[in-house]
Amino acid sequence: MKLLAEVSDIVGSIESPLSNTGYGSIQSGAVGMFITNIIRLVFVAAGVYALINFIVAGFKYMTAAGDSKKLSEAWSKIWQSLLGLVIIVGSFAIASLFGYLLFGDAGFILNPTIYGPGE
């Protein structure tokens with residue numbers, strides 16, 4: 001049975017390809033903050049849109065009065081809203097996973113760092 005240190009020597013580690021560029025980082029730069037804020041705004045807007053869709057679909061479901069066509073429309077809207085939420089959360093999780101696997105930081109893709117000359 002191999003120890004963890006022996007296994008890590010076999011597998012190795014992944015280094016960030018941007019660490020050897022010779023450029024400093026602008027951690028709190030305006031462009032990076034703008035991109036981060038746009039990403040967050042998209043996630044919040046999608047969540048609010050899904051909540052509104054749930055409310056409208058629930059209202060349609062309650063007022064269907066046994067009409068099978070209205071019930072199926074309400075259920076399809078509910079499932080579409082759930083699918084949209086799953087896609088949004090999944091994209092967030094996949095971006096975090098790839099950021100962690102490729103760059104060693106889960107927030108690398110979600111909170112981008114802009115590299116530039118000088119600093």
# chains A, B, ... in the order shown; residues from 1 in each chain; ligands from 1

$ residues_around --residues "Trp75 (chain A)" --least-positions-apart "6" --cutoff "9 Å" --atoms "only C-alpha atoms" --output "short mmCIF file (atom, residue, chain, number, x, y, z; two decimals) with N, CA and C atoms, in the first residue's frame"
data_model
loop_
_atom_site.label_atom_id
_atom_site.label_comp_id
_atom_site.auth_asym_id
_atom_site.auth_seq_id
_atom_site.Cartn_x
_atom_site.Cartn_y
_atom_site.Cartn_z
N ALA A 57 -46.09 29.79 -12.82
CA ALA A 57 -46.50 28.40 -13.09
C ALA A 57 -47.37 27.86 -11.96
N GLY A 58 -47.07 28.21 -10.72
CA GLY A 58 -47.91 27.78 -9.60
C GLY A 58 -49.30 28.38 -9.69
N TYR A 61 -51.13 26.55 -12.32
CA TYR A 61 -51.50 25.22 -11.85
C TYR A 61 -52.73 25.29 -10.95
#

$ residues_around --residues "region 84-96 of chain A" --least-positions-apart "5" --cutoff "9 Å" --atoms "only C-alpha atoms" --output "PyMOL selection string"
chain A and resi 43+46-47+50+79+101+105-110

$ residues_around --residues "Ile55 (chain A)" --least-positions-apart "4" --cutoff "12 Å" --atoms "only C-alpha atoms" --output "list in words"
Val48, Tyr49, Ala50, Leu51, Phe59, Lys60, Tyr61, Met62, Ala74, Lys77, Ile78 and Ser81 of chain A

$ write_last_selection --atoms "N, CA and C atoms" --output "compact mmCIF listing (two decimals), in the first residue's frame"
# COMPACT_ATOMS: atom_id res chain seq x y z
N VAL A 48 -33.78 35.28 -10.19
CA VAL A 48 -35.02 36.04 -10.06
C VAL A 48 -36.01 35.62 -11.15
N TYR A 49 -35.52 35.43 -12.37
CA TYR A 49 -36.38 34.99 -13.47
C TYR A 49 -36.98 33.62 -13.18
N ALA A 50 -36.18 32.70 -12.62
CA ALA A 50 -36.69 31.38 -12.28
C ALA A 50 -37.74 31.47 -11.16
N LEU A 51 -37.52 32.34 -10.19
CA LEU A 51 -38.50 32.52 -9.12
C LEU A 51 -39.82 33.04 -9.67
N PHE A 59 -49.39 29.65 -10.09
CA PHE A 59 -50.68 30.29 -10.26
C PHE A 59 -51.48 29.62 -11.37
N LYS A 60 -50.79 29.29 -12.49
CA LYS A 60 -51.46 28.59 -13.59
C LYS A 60 -51.93 27.21 -13.15
N TYR A 61 -51.13 26.55 -12.32
CA TYR A 61 -51.50 25.22 -11.85
C TYR A 61 -52.73 25.29 -10.95
N MET A 62 -52.77 26.30 -10.07
CA MET A 62 -53.91 26.43 -9.16
C MET A 62 -55.19 26.82 -9.88
N ALA A 74 -48.61 24.24 -17.20
CA ALA A 74 -48.04 24.65 -15.92
C ALA A 74 -46.87 23.74 -15.53
N LYS A 77 -43.79 24.46 -17.60
CA LYS A 77 -43.11 25.70 -17.16
C LYS A 77 -42.32 25.46 -15.88
N ILE A 78 -42.88 24.66 -14.97
CA ILE A 78 -42.17 24.34 -13.74
C ILE A 78 -40.89 23.56 -14.06
N SER A 81 -38.24 25.78 -15.62
CA SER A 81 -37.59 26.62 -14.62
C SER A 81 -36.58 25.83 -13.81

$ atom_distance --atom1 "CA of Thr63 (chain A)" --atom2 "CA of Leu83 (chain A)"
23.3 Å

$ atom_distance --atom1 "CA of Leu82 (chain A)" --atom2 "CA of Asn111 (chain A)"
26.1 Å

$ atom_distance --atom1 "CA of Glu73 (chain A)" --atom2 "CA of Ile52 (chain A)"
15.6 Å
